[in-house]
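Asks: Next comes the structure file entry_28.csv, holding CSV, C-alpha atoms (C1' of nucleotides).
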chain,number,residue,atom,x,y,z
A,1,MET,CA,19.1,29.0,-13.1
A,2,SER,CA,17.3,29.9,-9.9
A,3,ALA,CA,14.0,29.7,-11.8
A,4,VAL,CA,14.7,26.1,-12.4
A,5,ARG,CA,15.4,25.4,-8.7
A,6,THR,CA,12.1,26.8,-7.6
A,7,LEU,CA,10.3,24.2,-9.6
A,8,GLU,CA,11.4,21.6,-7.1
A,9,VAL,CA,8.6,22.3,-4.7
A,10,ALA,CA,7.3,19.2,-2.9
A,11,GLU,CA,9.8,17.1,-1.1
A,12,ALA,CA,9.6,13.4,-1.9
A,13,PRO,CA,7.9,11.4,0.9
A,14,ALA,CA,10.8,9.0,1.2
A,15,ALA,CA,13.1,11.9,2.0
A,16,CYS,CA,11.7,12.1,5.5
A,17,CYS,CA,10.3,9.1,7.2
A,18,THR,CA,9.5,9.1,10.9
A,19,PRO,CA,10.6,6.0,12.9
A,20,LEU,CA,7.8,3.7,13.7
A,21,ALA,CA,8.9,3.8,17.3
A,22,ALA,CA,9.1,7.6,17.5
A,23,SER,CA,7.8,9.0,20.8
A,24,GLU,CA,5.5,11.3,18.8
A,25,MET,CA,4.1,10.9,15.3
A,26,SER,CA,1.7,13.5,13.8
A,27,GLU,CA,-0.9,12.7,11.3
A,28,GLU,CA,1.2,14.3,8.6
A,29,GLU,CA,4.1,12.1,9.5
A,30,ALA,CA,1.9,9.0,9.4
A,31,ASP,CA,0.5,10.1,6.1
A,32,ASN,CA,3.9,10.6,4.7
A,33,THR,CA,5.1,7.2,5.8
A,34,ALA,CA,2.1,5.5,4.5
A,35,ARG,CA,2.7,7.2,1.1
A,36,VAL,CA,6.1,5.5,0.8
A,37,PHE,CA,4.7,2.1,1.8
A,38,LYS,CA,1.9,2.6,-0.7
A,39,ALA,CA,4.5,3.1,-3.4
A,40,LEU,CA,5.9,-0.4,-2.5
A,41,ALA,CA,2.5,-2.0,-2.0
A,42,ASP,CA,2.3,-3.5,-5.4
A,43,PRO,CA,4.1,-6.7,-6.4
A,44,HIS,CA,5.2,-5.4,-9.8
A,45,ARG,CA,6.7,-2.3,-8.1
A,46,VAL,CA,8.6,-4.6,-5.7
A,47,ARG,CA,9.9,-6.5,-8.6
A,48,ILE,CA,11.0,-3.3,-10.3
A,49,VAL,CA,12.9,-2.2,-7.2
A,50,ASN,CA,14.5,-5.6,-7.1
A,51,VAL,CA,15.6,-5.4,-10.7
A,52,LEU,CA,17.2,-2.0,-10.1
A,53,ALA,CA,18.7,-3.0,-6.8
A,54,THR,CA,20.6,-5.8,-8.4
A,55,ALA,CA,21.6,-3.9,-11.5
A,56,GLU,CA,25.1,-2.5,-12.1
A,57,GLY,CA,23.8,1.0,-12.6
A,58,ALA,CA,20.8,2.8,-14.1
A,59,VAL,CA,18.5,0.6,-16.2
A,60,CYS,CA,16.6,1.7,-19.3
A,61,VAL,CA,12.8,1.6,-19.2
A,62,CYS,CA,12.9,-0.7,-22.2
A,63,ASP,CA,14.8,-3.3,-20.2
A,64,ILE,CA,12.5,-2.9,-17.2
A,65,THR,CA,9.5,-3.5,-19.4
A,66,ASP,CA,11.0,-6.8,-20.6
A,67,GLU,CA,11.5,-7.9,-17.0
A,68,VAL,CA,8.0,-7.2,-15.9
A,69,ALA,CA,5.1,-8.8,-17.6
A,70,LEU,CA,3.2,-5.5,-18.1
A,71,SER,CA,2.5,-3.2,-20.9
A,72,GLN,CA,4.7,-0.2,-21.6
A,73,PRO,CA,2.2,2.4,-20.3
A,74,THR,CA,1.7,0.4,-17.1
A,75,VAL,CA,5.4,0.2,-16.4
A,76,SER,CA,5.7,3.9,-17.0
A,77,PHE,CA,2.9,4.5,-14.6
A,78,HIS,CA,4.5,2.3,-11.9
A,79,LEU,CA,7.9,3.9,-12.4
A,80,LYS,CA,6.4,7.3,-11.9
A,81,LYS,CA,4.8,6.2,-8.6
A,82,LEU,CA,8.2,5.1,-7.4
A,83,VAL,CA,10.0,8.3,-8.5
A,84,THR,CA,7.3,10.5,-7.0
A,85,ALA,CA,7.7,8.6,-3.7
A,86,GLY,CA,11.4,9.3,-3.8
A,87,LEU,CA,12.5,5.7,-4.0
A,88,LEU,CA,13.8,5.9,-7.6
A,89,ASP,CA,15.8,8.4,-9.6
A,90,ARG,CA,15.1,9.1,-13.3
A,91,GLU,CA,17.6,10.3,-15.9
A,92,GLN,CA,16.8,11.1,-19.5
A,93,ARG,CA,19.6,10.1,-21.9
A,94,GLY,CA,18.5,11.3,-25.3
A,95,VAL,CA,15.6,9.1,-26.4
A,96,TRP,CA,16.1,6.8,-23.5
A,97,ALA,CA,14.9,7.0,-20.0
A,98,TYR,CA,17.1,5.4,-17.3
A,99,TYR,CA,16.0,4.6,-13.7
A,100,SER,CA,18.0,3.7,-10.7
A,101,ILE,CA,17.3,3.2,-7.0
A,102,ASN,CA,17.8,6.0,-4.5
A,103,ARG,CA,20.0,4.1,-2.1
A,104,GLU,CA,19.8,6.7,0.7
A,105,ALA,CA,16.0,6.7,0.6
A,106,LEU,CA,15.7,3.0,0.7
A,107,GLU,CA,18.2,2.6,3.6
A,108,ARG,CA,16.6,5.5,5.4
A,109,LEU,CA,13.3,3.7,5.0
A,110,GLY,CA,14.8,0.5,6.5
A,111,SER,CA,16.0,2.4,9.5
A,112,ILE,CA,12.5,3.5,10.6
A,113,PHE,CA,11.9,-0.1,11.7
A,114,GLN,CA,14.5,0.3,14.5
A,115,LEU,CA,12.4,-0.2,17.6
A,116,GLY,CA,15.0,0.7,20.2
A,117,GLY,CA,15.4,-0.7,23.7
A,118,ALA,CA,16.0,-4.5,23.7
A,119,ARG,CA,12.8,-5.8,25.3
A,120,THR,CA,13.5,-9.3,26.3
B,1,MET,CA,-4.2,-30.0,21.6
B,2,SER,CA,-2.8,-31.0,18.2
B,3,ALA,CA,-6.1,-30.3,16.6
B,4,VAL,CA,-5.7,-26.6,17.7
B,5,ARG,CA,-2.2,-26.4,16.1
B,6,THR,CA,-3.4,-27.6,12.7
B,7,LEU,CA,-5.6,-24.6,12.5
B,8,GLU,CA,-2.6,-22.3,12.0
B,9,VAL,CA,-2.4,-22.9,8.3
B,10,ALA,CA,-1.2,-19.9,6.3
B,11,GLU,CA,2.0,-18.3,7.3
B,12,ALA,CA,1.9,-14.5,7.9
B,13,PRO,CA,3.4,-12.5,5.0
B,14,ALA,CA,5.7,-10.7,7.4
B,15,ALA,CA,7.2,-14.0,8.5
B,16,CYS,CA,9.2,-14.3,5.3
B,17,CYS,CA,10.2,-11.2,3.4
B,18,THR,CA,12.7,-11.4,0.6
B,19,PRO,CA,15.5,-8.7,0.6
B,20,LEU,CA,14.8,-6.0,-2.0
B,21,ALA,CA,18.4,-6.6,-3.2
B,22,ALA,CA,18.0,-10.4,-3.5
B,23,SER,CA,19.7,-11.8,-6.5
B,24,GLU,CA,16.5,-13.6,-7.4
B,25,MET,CA,12.9,-12.7,-6.6
B,26,SER,CA,10.0,-14.7,-7.7
B,27,GLU,CA,6.5,-13.3,-8.3
B,28,GLU,CA,5.3,-15.0,-5.2
B,29,GLU,CA,8.0,-13.3,-3.1
B,30,ALA,CA,7.2,-9.9,-4.6
B,31,ASP,CA,3.6,-10.5,-3.9
B,32,ASN,CA,4.3,-11.5,-0.4
B,33,THR,CA,6.5,-8.5,0.2
B,34,ALA,CA,3.9,-6.2,-1.3
B,35,ARG,CA,1.3,-7.6,1.0
B,36,VAL,CA,3.2,-6.5,4.0
B,37,PHE,CA,3.8,-3.0,2.6
B,38,LYS,CA,0.1,-2.9,1.8
B,39,ALA,CA,-0.7,-3.5,5.5
B,40,LEU,CA,1.3,-0.4,6.3
B,41,ALA,CA,0.1,1.7,3.4
B,42,ASP,CA,-2.5,3.5,5.4
B,43,PRO,CA,-1.8,6.5,7.7
B,44,HIS,CA,-4.1,5.2,10.4
B,45,ARG,CA,-2.4,1.9,10.4
B,46,VAL,CA,1.0,3.6,10.7
B,47,ARG,CA,-0.3,5.5,13.6
B,48,ILE,CA,-1.6,2.3,15.3
B,49,VAL,CA,1.8,0.7,14.9
B,50,ASN,CA,3.4,3.8,16.4
B,51,VAL,CA,1.1,3.7,19.4
B,52,LEU,CA,1.9,0.1,20.0
B,53,ALA,CA,5.6,0.5,19.4
B,54,THR,CA,5.8,3.2,22.1
B,55,ALA,CA,3.6,1.4,24.6
B,56,GLU,CA,4.9,-0.5,27.6
B,57,GLY,CA,3.2,-3.7,26.5
B,58,ALA,CA,0.0,-4.9,24.9
B,59,VAL,CA,-2.7,-2.3,24.4
B,60,CYS,CA,-6.4,-2.7,24.6
B,61,VAL,CA,-8.5,-2.0,21.5
B,62,CYS,CA,-10.6,0.4,23.5
B,63,ASP,CA,-7.4,2.5,24.1
B,64,ILE,CA,-6.3,2.3,20.5
B,65,THR,CA,-9.7,3.5,19.3
B,66,ASP,CA,-9.3,6.5,21.5
B,67,GLU,CA,-5.9,7.3,20.0
B,68,VAL,CA,-7.1,7.0,16.4
B,69,ALA,CA,-10.0,9.2,15.2
B,70,LEU,CA,-12.0,6.4,13.6
B,71,SER,CA,-15.0,4.4,14.5
B,72,GLN,CA,-14.7,1.2,16.4
B,73,PRO,CA,-15.5,-1.1,13.4
B,74,THR,CA,-12.9,0.7,11.3
B,75,VAL,CA,-10.2,0.3,14.0
B,76,SER,CA,-11.1,-3.4,14.3
B,77,PHE,CA,-10.8,-3.7,10.5
B,78,HIS,CA,-7.4,-2.0,10.5
B,79,LEU,CA,-6.1,-4.1,13.4
B,80,LYS,CA,-7.1,-7.3,11.6
B,81,LYS,CA,-5.2,-6.2,8.5
B,82,LEU,CA,-2.1,-5.7,10.6
B,83,VAL,CA,-2.5,-9.0,12.5
B,84,THR,CA,-3.1,-10.9,9.2
B,85,ALA,CA,0.0,-9.4,7.8
B,86,GLY,CA,1.9,-10.7,10.8
B,87,LEU,CA,3.0,-7.3,12.1
B,88,LEU,CA,0.8,-7.3,15.2
B,89,ASP,CA,-0.1,-10.0,17.8
B,90,ARG,CA,-3.6,-10.3,19.3
B,91,GLU,CA,-4.5,-11.6,22.7
B,92,GLN,CA,-8.0,-12.0,24.1
B,93,ARG,CA,-8.2,-11.2,27.9
B,94,GLY,CA,-11.8,-11.9,28.9
B,95,VAL,CA,-14.0,-9.3,27.3
B,96,TRP,CA,-10.9,-7.3,26.3
B,97,ALA,CA,-8.7,-7.7,23.2
B,98,TYR,CA,-5.1,-6.6,23.5
B,99,TYR,CA,-2.7,-5.9,20.7
B,100,SER,CA,1.0,-5.6,20.5
B,101,ILE,CA,3.7,-5.3,17.8
B,102,ASN,CA,5.5,-8.3,16.6
B,103,ARG,CA,9.1,-7.0,17.1
B,104,GLU,CA,10.8,-9.7,15.1
B,105,ALA,CA,8.5,-9.2,12.1
B,106,LEU,CA,9.1,-5.4,12.1
B,107,GLU,CA,12.8,-5.8,12.5
B,108,ARG,CA,12.9,-8.5,9.9
B,109,LEU,CA,11.0,-6.1,7.5
B,110,GLY,CA,13.5,-3.4,8.2
B,111,SER,CA,16.4,-5.7,7.2
B,112,ILE,CA,15.1,-6.2,3.7
B,113,PHE,CA,16.2,-2.7,2.9
B,114,GLN,CA,19.8,-3.7,3.2
B,115,LEU,CA,21.3,-3.1,-0.2
B,116,GLY,CA,24.7,-4.7,0.2
B,117,GLY,CA,28.0,-3.5,-1.3
B,118,ALA,CA,28.8,0.1,-0.5
B,119,ARG,CA,28.4,1.7,-3.8
B,120,THR,CA,30.1,5.1,-3.5
C,1,DG,C1',10.3,20.5,-41.4
C,2,DC,C1',9.2,15.6,-41.5
C,3,DG,C1',9.4,10.9,-40.0
C,4,DT,C1',10.6,7.5,-36.6
C,5,DC,C1',11.3,5.9,-32.1
C,6,DA,C1',11.0,6.0,-27.0
C,7,DC,C1',8.0,6.7,-23.4
C,8,DA,C1',4.9,9.7,-20.7
C,9,DT,C1',0.0,10.8,-20.3
C,10,DC,C1',-4.9,10.2,-20.9
C,11,DG,C1',-9.4,8.1,-20.5
C,12,DA,C1',-12.2,4.1,-19.9
C,13,DT,C1',-12.8,0.0,-17.2
C,14,DG,C1',-12.7,-3.3,-13.6
C,15,DT,C1',-10.9,-4.2,-9.1
C,16,DT,C1',-9.5,-3.0,-4.5
C,17,DT,C1',-9.7,-0.4,-0.4
C,18,DG,C1',-11.3,2.6,3.6
C,19,DT,C1',-15.4,4.1,6.1
C,20,DC,C1',-19.3,3.5,9.0
C,21,DA,C1',-24.1,1.9,10.6
C,22,DA,C1',-26.0,-2.2,11.7
C,23,DT,C1',-25.5,-6.6,13.4
C,24,DA,C1',-23.4,-10.9,15.0
C,25,DT,C1',-20.4,-13.1,18.3
C,26,DC,C1',-18.0,-13.7,22.5
C,27,DT,C1',-17.3,-13.0,27.5
C,28,DT,C1',-18.9,-12.2,32.0
C,29,DC,C1',-22.1,-11.5,35.7
C,30,DC,C1',-26.5,-12.1,38.1
D,1,DG,C1',-30.7,-18.3,30.7
D,2,DG,C1',-30.9,-13.4,30.1
D,3,DA,C1',-28.7,-8.9,30.1
D,4,DA,C1',-24.8,-6.0,29.3
D,5,DG,C1',-20.4,-4.8,27.5
D,6,DA,C1',-16.5,-5.4,24.2
D,7,DT,C1',-15.4,-6.1,19.7
D,8,DA,C1',-15.4,-8.6,15.3
D,9,DT,C1',-18.1,-9.1,11.0
D,10,DT,C1',-21.2,-7.6,7.3
D,11,DG,C1',-23.0,-4.8,3.6
D,12,DA,C1',-23.5,-0.6,1.2
D,13,DC,C1',-21.0,3.2,-0.7
D,14,DA,C1',-17.5,6.3,-2.4
D,15,DA,C1',-12.8,6.8,-3.5
D,16,DA,C1',-8.5,5.0,-5.0
D,17,DC,C1',-5.9,2.0,-7.8
D,18,DA,C1',-4.0,-1.1,-11.6
D,19,DT,C1',-4.5,-2.1,-16.4
D,20,DC,C1',-4.2,-1.2,-21.3
D,21,DG,C1',-5.3,1.0,-26.0
D,22,DA,C1',-4.9,5.3,-27.8
D,23,DT,C1',-2.6,9.4,-28.1
D,24,DG,C1',0.6,13.2,-26.9
D,25,DT,C1',5.4,14.8,-26.2
D,26,DG,C1',10.2,14.9,-26.7
D,27,DA,C1',14.7,13.4,-28.9
D,28,DC,C1',17.1,12.5,-33.0
D,29,DG,C1',18.4,11.8,-37.8
D,30,DC,C1',17.8,13.1,-42.6
Could you show the structure in this file as structure tokens?

Replies:
Amino acid sequence: MSAVRTLEVAEAPAACCTPLAASEMSEEEADNTARVFKALADPHRVRIVNVLATAEGAVCVCDITDEVALSQPTVSFHLKKLVTAGLLDREQRGVWAYYSINREALERLGSIFQLGGART
Amino acid sequence: MSAVRTLEVAEAPAACCTPLAASEMSEEEADNTARVFKALADPHRVRIVNVLATAEGAVCVCDITDEVALSQPTVSFHLKKLVTAGLLDREQRGVWAYYSINREALERLGSIFQLGGART
DNA sequence: GCGTCACATCGATGTTTGTCAATATCTTCC
DNA sequence: GGAAGATATTGACAAACATCGATGTGACGC
């Protein structure tokens, strides 16, 4: 059991995003933040997130591929980018692979845009 | 005077971002959203936004260049990306160019991560 | 074990992006 | 107008990225 846990090495970038208005931001933090934005910096990936955000639960890859006008390998590639960034979760159900949004990660990402102090 | 106004043709991508959980999202909307993320998908640009977000007003390019370990042309290039995306505002003051964050745009961008309905 | 299906991975290819030296452009002063 | 300073733009280059056909891997049924 513990051998399995140790395989989860790198933390997903979206798990820790520094607020854009943080008083201090290291190069690592900026790099981490940019990684998450990079995962969303493709229109097809934005569309994929939208499809999952409006679904009633996890969605099968086969259905996502139908929604996005791309080949199966390309969709798989994009999904992996989003999972690696920590924005999506993947679940194998027999032959089928299901994907869903990671709500906490997306909402955490939204909160980094809080700029503080009303500056009128 | 009106001749000057007509030069402002294209709307900045950050001016209109579709919520990630929107019930409908066209390819144009996904493309527009991806453009804004693309502007932030570079660690140096994230750092620049952070420098400006924590500053007490507009900041001169010369000071931004000191904060970021890049050459002057590269900083200028990055700043232009952020201005074009609508995330920063630029102001010429004689020989000096000053940049500041567009608070509304950044906060608007943060709001697109609202996913709606608490799904516990 | 074999065959089938789902889908992840690989490799080739074309496109996009980030970097900097060089240069162009703009502002200001004499 | 010419010179100096600030900074935007250009072009070359290397790295990264998006795409898809081909293929590899895993799950499942017989």

Asks: Given all atoms listed in the file as the basis, pick out the residue of D:DA6, D:DC30, D:DA12, D:DC20 nearest to chain A.

Replies: D:DC20

Asks: Hey, could you make a per-residue contact list for chain A against chain D with 10 Å as the cut-off, showing the nearest pair of atoms and its distance in Å to one decimal, counting all atoms listed in the file, sorted by chain and number, as a Markdown table?

Replies:
| residue | atom | partner | partner_atom | distance |
| --- | --- | --- | --- | --- |
| A:Asp42 | CA | D:DA18 | C1' | 9.2 |
| A:Leu70 | CA | D:DT19 | C1' | 8.6 |
| A:Ser71 | CA | D:DC20 | C1' | 7.0 |
| A:Gln72 | CA | D:DC20 | C1' | 9.0 |
| A:Pro73 | CA | D:DC20 | C1' | 7.4 |
| A:Thr74 | CA | D:DT19 | C1' | 6.7 |
| A:Phe77 | CA | D:DA18 | C1' | 9.4 |
| A:His78 | CA | D:DA18 | C1' | 9.2 |
| A:Gln92 | CA | D:DA27 | C1' | 9.9 |
| A:Arg93 | CA | D:DA27 | C1' | 9.2 |
| A:Gly94 | CA | D:DA27 | C1' | 5.6 |
| A:Val95 | CA | D:DA27 | C1' | 5.1 |
| A:Trp96 | CA | D:DA27 | C1' | 8.6 |

Asks: In file coordinates, which residues lie within 8 Å of (1.4, 1.7, -5.1) using all atoms listed in the file, given as JSON, numbers by chain?

Replies: {"A": [37, 38, 39, 40, 41, 42, 45, 78, 81, 82], "D": [17]}

Asks: Output as CSV one row per residue of chain C within 10 Å of chain B: the closest atom pair and its distance in Å to one decimal place, counting only C-alpha atoms (C1' of nucleotides), sorted by chain and residue number ascending.

Replies:
residue,atom,partner,partner_atom,distance
C:DG18,C1',B:Thr74,CA,8.1
C:DT19,C1',B:Thr74,CA,6.7
C:DC20,C1',B:Ser71,CA,7.0
C:DA21,C1',B:Pro73,CA,9.5
C:DC26,C1',B:Val95,CA,7.6
C:DT27,C1',B:Val95,CA,5.0
C:DT28,C1',B:Val95,CA,7.4

Asks: I need the contact residues of chain B against chain A, so if you could list those with any atom within 9 Å, counting all atoms listed in the file, and return them as JSON, numbers by chain, that would help.

Replies: {"B": [19, 20, 21, 22, 23, 24, 25, 26, 27, 28, 29, 30, 31, 32, 33, 34, 35, 36, 37, 38, 39, 40, 41, 42, 43, 44, 45, 46, 47, 49, 50, 51, 52, 53, 54, 103, 106, 107, 108, 109, 110, 111, 112, 113, 114, 115, 119]}

Asks: Just the number, please: distance in Å from atom C1' of C:DC10 to atom CA of A:Cys62, one decimal.

Replies: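 These atoms are spaced 20.9 Å apart.
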
Asks: In terms of the shortest atom-to-atom distance over only C-alpha atoms, which of A:Val83, A:Val75, A:Cys60, A:Asp66 is closest to A:Ala97?

Replies: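 Once distances to A:Ala97 are computed over only C-alpha atoms, the minimum belongs to A:Cys60.
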
Asks: Quick one: distance from atom CA of A:Pro13 to atom CA of A:Arg90 in Å, one decimal?

Replies: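 Between these atoms lies a distance of 16.1 Å.
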